[in-house]
Structure formats: C-alpha cells, structure tokens
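Next comes model_24.cif, with mmCIF, C-alpha atoms.
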```cif
data_data
#
loop_
_atom_site.label_atom_id
_atom_site.label_comp_id
_atom_site.auth_asym_id
_atom_site.auth_seq_id
_atom_site.Cartn_x
_atom_site.Cartn_y
_atom_site.Cartn_z
CA VAL I 1 16.93 73.85 -46.04
CA ALA I 2 13.42 74.20 -44.63
CA SER I 3 11.94 72.10 -47.43
CA ARG I 4 14.50 69.36 -46.85
CA LEU I 5 13.67 69.30 -43.16
CA ALA I 6 9.91 69.08 -43.88
CA GLY I 7 10.46 66.17 -46.25
CA LEU I 8 12.57 64.31 -43.72
CA PHE I 9 9.88 64.89 -41.06
CA LEU I 10 7.04 63.55 -43.24
CA GLY I 11 9.11 60.53 -44.26
CA ALA I 12 9.77 59.75 -40.64
CA LEU I 13 6.06 59.94 -39.81
CA ALA I 14 5.20 57.58 -42.70
CA ALA I 15 7.86 55.09 -41.63
CA LEU I 16 6.58 55.24 -38.06
CA ALA I 17 2.98 54.59 -39.23
CA CYS I 18 4.02 51.64 -41.40
CA GLY I 19 6.09 50.23 -38.62
CA SER I 20 3.19 50.48 -36.12
CA ALA I 21 0.74 48.85 -38.64
CA ALA I 22 3.17 46.06 -39.32
CA ALA I 23 3.69 45.60 -35.63
CA GLN I 24 -0.10 45.44 -34.90
CA PRO I 25 -0.86 41.88 -33.78
CA PRO I 26 -3.50 39.84 -35.69
CA VAL I 27 -7.01 40.04 -34.26
CA PRO I 28 -8.27 36.74 -32.84
CA ILE I 29 -11.54 35.77 -34.51
CA GLU I 30 -13.72 32.73 -35.11
CA THR I 31 -15.07 31.72 -38.50
CA ALA I 32 -17.57 29.18 -39.83
CA ARG I 33 -18.76 28.05 -43.22
CA LEU I 34 -21.55 30.28 -44.41
CA ASP I 35 -23.87 27.34 -45.16
CA THR I 36 -23.67 26.28 -41.49
CA VAL I 37 -24.89 29.60 -40.12
CA TRP I 38 -27.28 30.97 -42.70
CA GLN I 39 -31.05 30.85 -42.14
CA LEU I 40 -34.17 30.35 -44.21
CA PRO I 41 -36.36 32.77 -42.26
CA GLN I 42 -40.01 32.12 -41.51
CA ARG I 43 -42.22 35.05 -42.46
CA SER I 44 -45.78 35.80 -41.42
CA ALA I 45 -48.43 38.40 -42.14
CA PRO I 46 -52.00 38.98 -40.93
CA ALA I 47 -54.52 37.49 -43.33
CA GLN I 48 -58.24 36.91 -43.75
CA VAL I 49 -60.42 34.57 -45.78
CA MET I 50 -62.38 36.56 -48.35
CA ALA I 51 -65.21 35.52 -50.63
CA ARG I 52 -64.18 35.63 -54.28
CA ASN I 53 -67.44 37.46 -55.00
CA GLU I 54 -69.42 39.51 -52.51
CA SER I 55 -72.25 41.15 -54.43
CA ARG I 56 -74.60 43.88 -53.32
CA LEU I 57 -77.86 42.91 -55.02
CA ALA I 58 -80.19 45.80 -55.77
CA ALA I 59 -83.70 46.23 -57.14
CA GLU I 60 -83.76 46.66 -60.92
CA VAL I 61 -87.39 47.79 -60.96
CA GLY I 62 -89.57 49.71 -58.54
CA GLY I 63 -92.31 48.15 -56.47
CA THR I 64 -93.27 46.62 -53.14
CA VAL I 65 -91.38 43.69 -51.62
CA THR I 66 -93.99 40.93 -51.38
CA ARG I 67 -91.74 37.94 -50.54
CA TRP I 68 -88.41 37.29 -48.86
CA THR I 69 -87.02 33.76 -49.00
CA ALA I 70 -83.48 34.04 -47.53
CA ASP I 71 -82.53 35.85 -44.35
CA VAL I 72 -79.08 36.70 -42.98
CA GLY I 73 -76.91 33.59 -42.65
CA ALA I 74 -78.98 31.50 -45.06
CA SER I 75 -77.16 29.45 -47.71
CA VAL I 76 -78.65 29.61 -51.19
CA THR I 77 -77.98 27.87 -54.50
CA ARG I 78 -77.36 29.58 -57.80
CA GLY I 79 -80.60 30.78 -59.38
CA ALA I 80 -82.60 30.52 -56.14
CA LEU I 81 -85.29 33.16 -55.60
CA LEU I 82 -84.22 35.62 -52.90
CA VAL I 83 -86.65 38.54 -53.11
CA GLN I 84 -89.94 39.00 -54.95
CA ILE I 85 -91.16 42.47 -55.89
CA ASP I 86 -94.89 42.88 -56.66
CA PRO I 87 -95.14 41.84 -60.34
CA GLN I 88 -98.76 42.84 -61.06
CA ASP I 89 -98.05 46.08 -62.92
CA TYR I 90 -95.36 44.37 -65.00
CA GLU I 91 -97.66 41.45 -65.83
CA LEU I 92 -100.21 43.96 -67.14
CA ALA I 93 -97.48 45.59 -69.23
CA VAL I 94 -96.67 42.18 -70.74
CA GLN I 95 -100.35 41.64 -71.56
CA ARG I 96 -100.52 45.03 -73.28
CA ALA I 97 -97.40 44.24 -75.27
CA GLU I 98 -98.81 40.85 -76.29
CA ALA I 99 -102.03 42.50 -77.45
CA GLY I 100 -100.04 45.06 -79.43
CA LEU I 101 -98.05 42.27 -81.05
CA GLN I 102 -101.20 40.40 -82.04
CA ALA I 103 -102.66 43.58 -83.59
CA ALA I 104 -99.44 44.18 -85.55
CA GLN I 105 -99.50 40.59 -86.81
CA ALA I 106 -103.11 40.94 -87.91
CA ARG I 107 -102.40 44.19 -89.78
CA LEU I 108 -99.44 42.61 -91.50
CA ARG I 109 -101.45 39.57 -92.60
CA LEU I 110 -104.12 41.87 -94.07
CA GLY I 111 -101.52 44.05 -95.77
CA GLU I 112 -99.74 41.02 -97.31
CA ALA I 113 -103.06 39.65 -98.61
CA GLN I 114 -103.91 43.03 -100.15
CA LEU I 115 -100.43 43.23 -101.71
CA ALA I 116 -100.77 39.79 -103.24
CA ARG I 117 -104.19 40.75 -104.71
CA ALA I 118 -102.75 44.01 -106.04
CA ARG I 119 -99.99 42.16 -107.87
CA GLU I 120 -102.59 39.91 -109.52
CA LEU I 121 -104.57 42.95 -110.62
CA VAL I 122 -101.45 44.62 -112.03
CA ALA I 123 -100.74 41.50 -114.08
CA GLN I 124 -104.30 41.66 -115.45
CA GLY I 125 -104.00 45.38 -116.16
CA PHE I 126 -106.61 46.48 -113.59
CA PHE I 127 -104.17 48.10 -111.08
CA SER I 128 -101.58 50.79 -111.58
CA GLN I 129 -97.90 50.47 -110.71
CA GLU I 130 -98.19 53.52 -108.47
CA ALA I 131 -100.95 51.89 -106.41
CA LEU I 132 -98.88 48.67 -106.17
CA ALA I 133 -95.90 50.64 -104.87
CA GLN I 134 -98.14 52.21 -102.24
CA ARG I 135 -99.32 48.74 -101.08
CA GLU I 136 -95.70 47.51 -100.89
CA THR I 137 -94.79 50.53 -98.76
CA GLU I 138 -97.71 49.86 -96.43
CA VAL I 139 -96.57 46.23 -95.97
CA ALA I 140 -93.00 47.37 -95.23
CA LEU I 141 -94.32 49.76 -92.56
CA GLN I 142 -96.50 47.00 -91.08
CA ARG I 143 -93.47 44.71 -90.85
CA ALA I 144 -91.54 47.45 -89.02
CA ASP I 145 -94.50 47.89 -86.64
CA LEU I 146 -94.44 44.12 -86.01
CA ALA I 147 -90.70 44.22 -85.18
CA ALA I 148 -91.30 47.13 -82.79
CA ALA I 149 -94.15 45.24 -81.10
CA GLU I 150 -91.91 42.17 -80.68
CA SER I 151 -89.20 44.32 -79.09
CA GLN I 152 -91.72 45.95 -76.79
CA LEU I 153 -92.96 42.54 -75.65
CA ALA I 154 -89.41 41.32 -75.02
CA SER I 155 -88.70 44.46 -72.98
CA ALA I 156 -91.89 44.01 -70.93
CA ARG I 157 -90.98 40.39 -70.21
CA ARG I 158 -87.48 41.42 -69.07
CA GLN I 159 -88.98 43.97 -66.71
CA LEU I 160 -91.30 41.30 -65.33
CA ALA I 161 -88.36 38.92 -64.82
CA ARG I 162 -86.52 41.63 -62.88
CA THR I 163 -89.20 41.59 -60.20
CA SER I 164 -87.66 38.27 -59.06
CA ILE I 165 -84.22 38.77 -57.50
CA ARG I 166 -82.27 35.51 -57.88
CA ALA I 167 -78.86 34.40 -56.62
CA PRO I 168 -76.15 34.89 -59.28
CA PHE I 169 -74.05 32.21 -57.54
CA ALA I 170 -74.20 29.81 -54.62
CA GLY I 171 -73.52 31.76 -51.47
CA THR I 172 -74.52 33.01 -48.05
CA VAL I 173 -76.66 36.04 -47.28
CA VAL I 174 -74.42 38.44 -45.36
CA GLN I 175 -76.67 41.46 -45.00
CA ARG I 176 -80.31 42.38 -45.59
CA MET I 177 -81.27 45.99 -46.31
CA ALA I 178 -85.02 45.87 -47.11
CA GLN I 179 -88.08 44.55 -45.31
CA LEU I 180 -91.24 42.78 -46.35
CA GLY I 181 -93.87 45.27 -47.57
CA GLU I 182 -91.30 48.00 -48.15
CA ALA I 183 -91.53 50.02 -51.37
CA VAL I 184 -88.22 50.08 -53.20
CA ALA I 185 -86.98 52.12 -56.15
CA PRO I 186 -84.70 50.93 -58.97
CA GLY I 187 -81.16 50.72 -57.64
CA ALA I 188 -82.19 50.35 -53.99
CA PRO I 189 -79.87 47.81 -52.23
CA LEU I 190 -81.69 44.72 -51.02
CA LEU I 191 -79.05 42.32 -49.70
CA VAL I 192 -75.37 41.34 -49.78
CA LEU I 193 -74.52 37.82 -50.98
CA ALA I 194 -71.06 36.27 -50.40
CA GLU I 195 -69.99 33.41 -52.67
CA THR I 196 -69.21 30.10 -50.98
CA GLY I 197 -66.85 27.35 -52.11
CA ALA I 198 -64.49 29.75 -53.89
CA ALA I 199 -62.86 31.65 -51.03
CA GLU I 200 -59.46 33.32 -51.24
CA VAL I 201 -57.03 34.53 -48.60
CA GLN I 202 -56.06 38.19 -48.55
CA ALA I 203 -52.97 39.41 -46.69
CA SER I 204 -50.98 42.62 -46.29
CA VAL I 205 -47.26 41.97 -46.86
CA ALA I 206 -44.28 44.33 -46.58
CA PRO I 207 -42.78 45.14 -50.00
CA THR I 208 -39.40 43.76 -48.89
CA ASP I 209 -41.02 40.35 -48.28
CA ILE I 210 -42.87 40.11 -51.61
CA GLY I 211 -39.87 38.57 -53.40
CA GLY I 212 -39.49 35.85 -50.76
CA LEU I 213 -43.21 35.12 -50.91
CA ARG I 214 -43.04 34.69 -54.69
CA ARG I 215 -40.09 32.30 -54.35
CA ALA I 216 -41.48 30.33 -51.41
CA ASN I 217 -41.90 26.60 -51.94
CA ALA I 218 -44.84 26.41 -49.52
CA VAL I 219 -47.32 28.97 -48.20
CA HIS I 220 -49.91 28.23 -45.49
CA PHE I 221 -52.81 29.91 -43.74
CA GLN I 222 -53.29 29.28 -40.01
CA PRO I 223 -56.71 30.34 -38.65
CA GLN I 224 -56.63 32.21 -35.38
CA GLY I 225 -56.79 29.86 -32.39
CA GLN I 226 -56.11 26.73 -34.47
CA GLU I 227 -53.02 24.58 -35.00
CA GLN I 228 -53.98 23.29 -38.44
CA ARG I 229 -52.46 25.03 -41.45
CA HIS I 230 -53.96 25.10 -44.94
CA ALA I 231 -51.78 25.05 -48.06
CA LEU I 232 -52.14 28.04 -50.40
CA LYS I 233 -50.91 29.17 -53.80
CA LEU I 234 -50.13 32.77 -54.72
CA LEU I 235 -52.66 34.20 -57.18
CA ARG I 236 -51.83 37.88 -57.56
CA VAL I 237 -50.03 40.81 -55.95
CA THR I 238 -51.19 44.41 -56.20
CA GLY I 239 -48.70 46.70 -57.87
CA THR I 240 -49.26 49.59 -55.45
CA VAL I 241 -48.17 50.13 -51.84
CA GLN I 242 -50.84 51.21 -49.35
CA ALA I 243 -50.01 54.70 -48.13
CA GLY I 244 -50.98 54.12 -44.49
CA SER I 245 -49.60 50.66 -43.76
CA ARG I 246 -46.78 50.67 -46.36
CA THR I 247 -47.77 47.15 -47.40
CA GLN I 248 -48.94 45.44 -50.58
CA THR I 249 -52.11 43.37 -50.80
CA VAL I 250 -51.76 39.77 -51.97
CA ARG I 251 -54.44 37.22 -52.83
CA LEU I 252 -53.93 33.46 -52.47
CA GLY I 253 -56.09 30.44 -53.25
CA PHE I 254 -56.47 27.20 -51.33
CA GLU I 255 -54.63 24.22 -52.81
CA GLY I 256 -57.49 21.90 -51.87
CA PRO I 257 -60.98 22.14 -50.37
CA ALA I 258 -60.91 24.20 -47.20
CA ALA I 259 -64.05 24.55 -45.10
CA LEU I 260 -63.18 28.04 -43.91
CA PRO I 261 -65.98 30.59 -44.12
CA PRO I 262 -65.32 34.11 -45.40
CA GLY I 263 -64.27 36.39 -42.58
CA THR I 264 -61.98 33.86 -40.89
CA SER I 265 -58.84 35.68 -39.71
CA GLY I 266 -55.39 34.27 -39.03
CA LEU I 267 -51.77 34.36 -40.18
CA LEU I 268 -50.11 33.76 -43.50
CA TRP I 269 -46.91 31.70 -43.13
CA TRP I 270 -44.11 31.07 -45.63
CA GLU I 271 -40.41 30.24 -45.65
CA ASP I 272 -38.10 32.47 -47.68
CA PRO I 273 -35.86 30.08 -49.69
CA THR I 274 -33.10 32.70 -50.05
CA PRO I 275 -30.23 32.18 -47.55
CA HIS I 276 -30.10 34.93 -44.92
CA VAL I 277 -27.29 35.93 -42.57
CA PRO I 278 -28.37 36.31 -38.91
CA ALA I 279 -28.63 39.91 -37.74
CA SER I 280 -26.03 39.21 -35.02
CA LEU I 281 -23.29 38.83 -37.68
CA VAL I 282 -24.03 42.13 -39.45
CA VAL I 283 -21.84 45.14 -38.59
CA LYS I 284 -21.73 48.73 -39.81
CA ARG I 285 -18.67 50.30 -41.40
CA GLY I 286 -19.08 53.89 -42.48
CA ASN I 287 -22.60 54.16 -43.84
CA ARG I 288 -22.78 50.55 -45.03
CA LEU I 289 -23.97 47.34 -43.39
CA GLY I 290 -22.32 44.02 -44.16
CA VAL I 291 -20.32 41.05 -42.87
CA PHE I 292 -16.66 40.09 -42.60
CA VAL I 293 -15.28 37.06 -44.41
CA ARG I 294 -11.87 35.41 -44.22
CA GLU I 295 -9.46 35.59 -47.16
CA GLY I 296 -6.35 33.75 -46.03
CA ARG I 297 -5.11 35.73 -43.03
CA THR I 298 -7.00 38.89 -43.97
CA ALA I 299 -10.50 40.09 -43.05
CA ARG I 300 -12.58 41.45 -45.93
CA PHE I 301 -15.73 43.53 -45.43
CA VAL I 302 -18.58 42.51 -47.75
CA ALA I 303 -21.31 45.14 -47.98
CA LEU I 304 -24.90 43.93 -48.17
CA PRO I 305 -27.04 46.57 -49.97
CA ASP I 306 -30.39 45.17 -48.74
CA ALA I 307 -29.32 44.99 -45.10
CA GLN I 308 -31.46 46.49 -42.36
CA GLU I 309 -30.35 46.80 -38.76
CA GLY I 310 -31.82 44.13 -36.51
CA ARG I 311 -33.03 41.89 -39.37
CA ALA I 312 -31.58 38.83 -41.09
CA VAL I 313 -30.09 39.80 -44.46
CA PRO I 314 -30.21 37.89 -47.76
CA ILE I 315 -26.76 36.92 -48.99
CA ALA I 316 -25.52 35.51 -52.30
CA LEU I 317 -22.03 34.29 -51.33
CA PRO I 318 -21.07 30.61 -51.85
CA GLY I 319 -21.88 28.25 -49.00
CA GLU I 320 -18.21 27.39 -48.42
CA THR I 321 -17.30 31.02 -47.70
CA LEU I 322 -15.69 31.44 -44.26
CA ILE I 323 -17.66 34.11 -42.44
CA VAL I 324 -16.51 35.75 -39.19
CA VAL I 325 -18.90 34.74 -36.41
CA ARG I 326 -16.92 36.09 -33.40
CA GLY I 327 -14.77 39.18 -33.11
CA GLN I 328 -16.23 40.98 -36.14
CA ALA I 329 -17.11 44.07 -34.11
CA ALA I 330 -13.42 45.00 -33.75
CA LEU I 331 -12.40 44.29 -37.38
CA ASN I 332 -11.63 46.64 -40.23
CA ASP I 333 -11.40 45.84 -43.91
CA GLY I 334 -7.95 44.42 -44.80
CA GLN I 335 -6.94 43.79 -41.21
CA SER I 336 -4.78 40.75 -40.34
CA ILE I 337 -6.60 38.03 -38.46
CA ASP I 338 -5.46 35.11 -36.41
#
```
Same coordinates, now as structure tokens:
Amino acid sequence: VASRLAGLFLGALAALACGSAAAQPPVPIETARLDTVWQLPQRSAPAQVMARNESRLAAEVGGTVTRWTADVGASVTRGALLVQIDPQDYELAVQRAEAGLQAAQARLRLGEAQLARARELVAQGFFSQEALAQRETEVALQRADLAAAESQLASARRQLARTSIRAPFAGTVVQRMAQLGEAVAPGAPLLVLAETGAAEVQASVAPTDIGGLRRANAVHFQPQGQEQRHALKLLRVTGTVQAGSRTQTVRLGFEGPAALPPGTSGLLWWEDPTPHVPASLVVKRGNRLGVFVREGRTARFVALPDAQEGRAVPIALPGETLIVVRGQAALNDGQSID
C-alpha cells in the first residue's frame, strides 16, 4: 500500500511540473539577422620601426685608432671607410711576407734548373738515379715552401685590410664606442650601424589575435602623433609566447617606400575579417559562454568555445541566422519565445 501511495504522489508531482511548464507564457524577445549585427573588429598593438640589420662593428686586429670618418647620426654608403686602425705594423708584415715569397720563388727557380740539368746528365750516364731522385725531392719541397709563402702573404694582406673598418651596408651610425687615439684589442666594439632603406615593423600581439592578423586583408602602421598610415605585409611570426607580456612578436615589411627612420614608435592596425558577435549579446549558461538563436518559436543556446567575457566573439553561423538581441538574459535553452 505504501509503495502505491508513493507512486501516486510522484506521478502527481510530475503532472504538476508538466502542467506548470506548459502553462509558462512565451518570453518576449527581439531578434535580428546575424549579418546585420556582427562586427569586423579593429585590432591594434604597439609597434616600432626596426632596422633589418643593426650591426655592432668591432676591431678585427689590435692597434691605435688613427682616423674616424663617421660620427653618431652620420649616414654612410656600403663600403665606406668608418674607422682606420694604425696599419704600419701590418704593412711591415706584408713586406716581410713579400720578401719571403720572392726568396721561395728564387729557390724554386734554382732547384728546377738543377733538376733539368740532372736529368740531362742521367741521360748521358753521368748522374745516378739516386741523385736525380734527391733533386726531385728538393724541388717538391721548394714548391711546398712557395705555396706556404703565398699563403703567408695572403694572410698578411688580410690582416692589413682589417685595419680599415668599412660599412657592410648603407646605414646610419647609431652609437660610437671608441675614440681617436685609443688603443683597441681584437674584438673591441667600435660602433653600431643600423641599416637604412630596409626597415621593418616589429609588434607584440596577443596570441588570440594572431589568427586575425594572418587573415587580415590590410595591415597598417600609424606613427605616434601622425594621422597617416603606412601599408604593411606580414613577414613572420615567432612561434613562442613571451613569458612576461604573454604576447608573440611579429615582423612586418612596408608595402612601398616609407621614409620612417628606425626607432619610430606607433600602433599596428588591422581589421579581423572573421565575423564577431558583440560582447553585449553573449550570455553565460552554466560554465559556457554563447548566444541564443531563434528556431521557430524556441530559443536555442549556441555555445561559443572561444568566447571571453567583455570581448566580441568570432562566430561561424550563417548570416541569415536569427540571433536574439533583446531579452536573452532571461532565456534558457529550449524555452518558448514570443
């Protein structure tokens, strides 16, 4: 009897619940086509014009700085002399190497003449084969000495050439670290040269915005304090996220000539071509963020996995989808709507 009473009680509760749900009036809402409310958000990130090459030029040989031709801020062409280190000791080394080469050449000429004479004497029977072999060995050694002397001369000339520090590319002197008359050692930094005419823009972008930047139809750089924007193209994106700022570094190149010196700061601008739902239409149900859409006279909750509170959210629904734009805060999934 008790079990029958319990069953009747539960059935009554279920019928009461169904009756109250059926009796619940439809919620008044307002909808709009998705393609009339979605956004193509403008994104920005701090950026700076960077020289493609910024080289720290150092002394390759030791000596005293005897000449300085380009100070800080000076523009130089490729191959231009920047710093001269006293070449006298290296010129003397070249002269010694040249003298050594001449002596090796003379010894080789004498040895070859003696070898030729020895071969004639062997043919006439006045010279032994053993003595001929000794002469041939001497000539082979003299040729090796000549090759060593040539290498020594080439090395001495390279050392002499290194006393002249020349610009590896056209650029601007950014920093000077040595003074006229100062003695420098090999490896001592002399100046910093930044390349001109091949600048790039470097920016720090949030990882969530990298995809939109890659898909953007147009990217621009706006220098600080200026209205003009310069068109850019994406060159590369670092594969790591900076631990402190939680951003990724991107490099972009100018589409055309841009007279912006390295060091110019500003903003990187681009438009994400992926449709986004405004943050005002996003609601939270359980632990998920999403939007409500209309299916006939029923509200359906569509979760958006990439949603973040307070930010527009990318959405992949068709443009003709009817999205709830008013009254969504009071809705639940499957609820009747007016």
With the PyMOL selection byres ((chain I and resi 70) around 10) as the selection, what would be picked from this file? Answer as a list in words, please. Arg67, Trp68, Thr69, Asp71, Val72, Gly73, Ala74, Ser75, Val76, Ala80, Leu81, Leu82, Val83, Thr172, Val173, Arg176 and Leu191 of chain I
Can I get the selection written as a CSV table (one decimal), keeping the file's coordinate frame, with C-alpha atoms?
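Writing done, so here's again_7.csv:
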```csv
chain,number,residue,atom,x,y,z
I,67,ARG,CA,-91.7,37.9,-50.5
I,68,TRP,CA,-88.4,37.3,-48.9
I,69,THR,CA,-87.0,33.8,-49.0
I,71,ASP,CA,-82.5,35.8,-44.4
I,72,VAL,CA,-79.1,36.7,-43.0
I,73,GLY,CA,-76.9,33.6,-42.6
I,74,ALA,CA,-79.0,31.5,-45.1
I,75,SER,CA,-77.2,29.4,-47.7
I,76,VAL,CA,-78.6,29.6,-51.2
I,80,ALA,CA,-82.6,30.5,-56.1
I,81,LEU,CA,-85.3,33.2,-55.6
I,82,LEU,CA,-84.2,35.6,-52.9
I,83,VAL,CA,-86.6,38.5,-53.1
I,172,THR,CA,-74.5,33.0,-48.0
I,173,VAL,CA,-76.7,36.0,-47.3
I,176,ARG,CA,-80.3,42.4,-45.6
I,191,LEU,CA,-79.0,42.3,-49.7
```
Extract, using all atoms listed in the file, all DNA, RNA and protein residues at most 9 Å from region 220-228 of chain I, discarding same-chain residues fewer than 5 positions from it, and format them as a ChimeraX atom specification. /I:47-48,201,233,254,260,264-270
For the residues in that selection, give me C-alpha atoms as a compact mmCIF listing (two decimals), in the frame of the given file.
```
# COMPACT_ATOMS: atom_id res chain seq x y z
CA ALA I 47 -54.52 37.49 -43.33
CA GLN I 48 -58.24 36.91 -43.75
CA VAL I 201 -57.03 34.53 -48.60
CA LYS I 233 -50.91 29.17 -53.80
CA PHE I 254 -56.47 27.20 -51.33
CA LEU I 260 -63.18 28.04 -43.91
CA THR I 264 -61.98 33.86 -40.89
CA SER I 265 -58.84 35.68 -39.71
CA GLY I 266 -55.39 34.27 -39.03
CA LEU I 267 -51.77 34.36 -40.18
CA LEU I 268 -50.11 33.76 -43.50
CA TRP I 269 -46.91 31.70 -43.13
CA TRP I 270 -44.11 31.07 -45.63
```
I'd like the neighbourhood of Arg214 (chain I) as a count of residues only, where a residue qualifies if any of its atoms comes within 10 Å (using only C-alpha atoms), though same-chain residues fewer than 5 positions away should be ignored. 10
Take CA of Gln335 (chain I) and CA of Gly310 (chain I) and report the distance between them in Å, one decimal.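 CA of Gly310 (chain I) lies at a distance of 25.3 Å from CA of Gln335 (chain I).
Rounded to one decimal, CA of Leu289 (chain I) and CA of Ala303 (chain I) lie 5.7 Å from each other.
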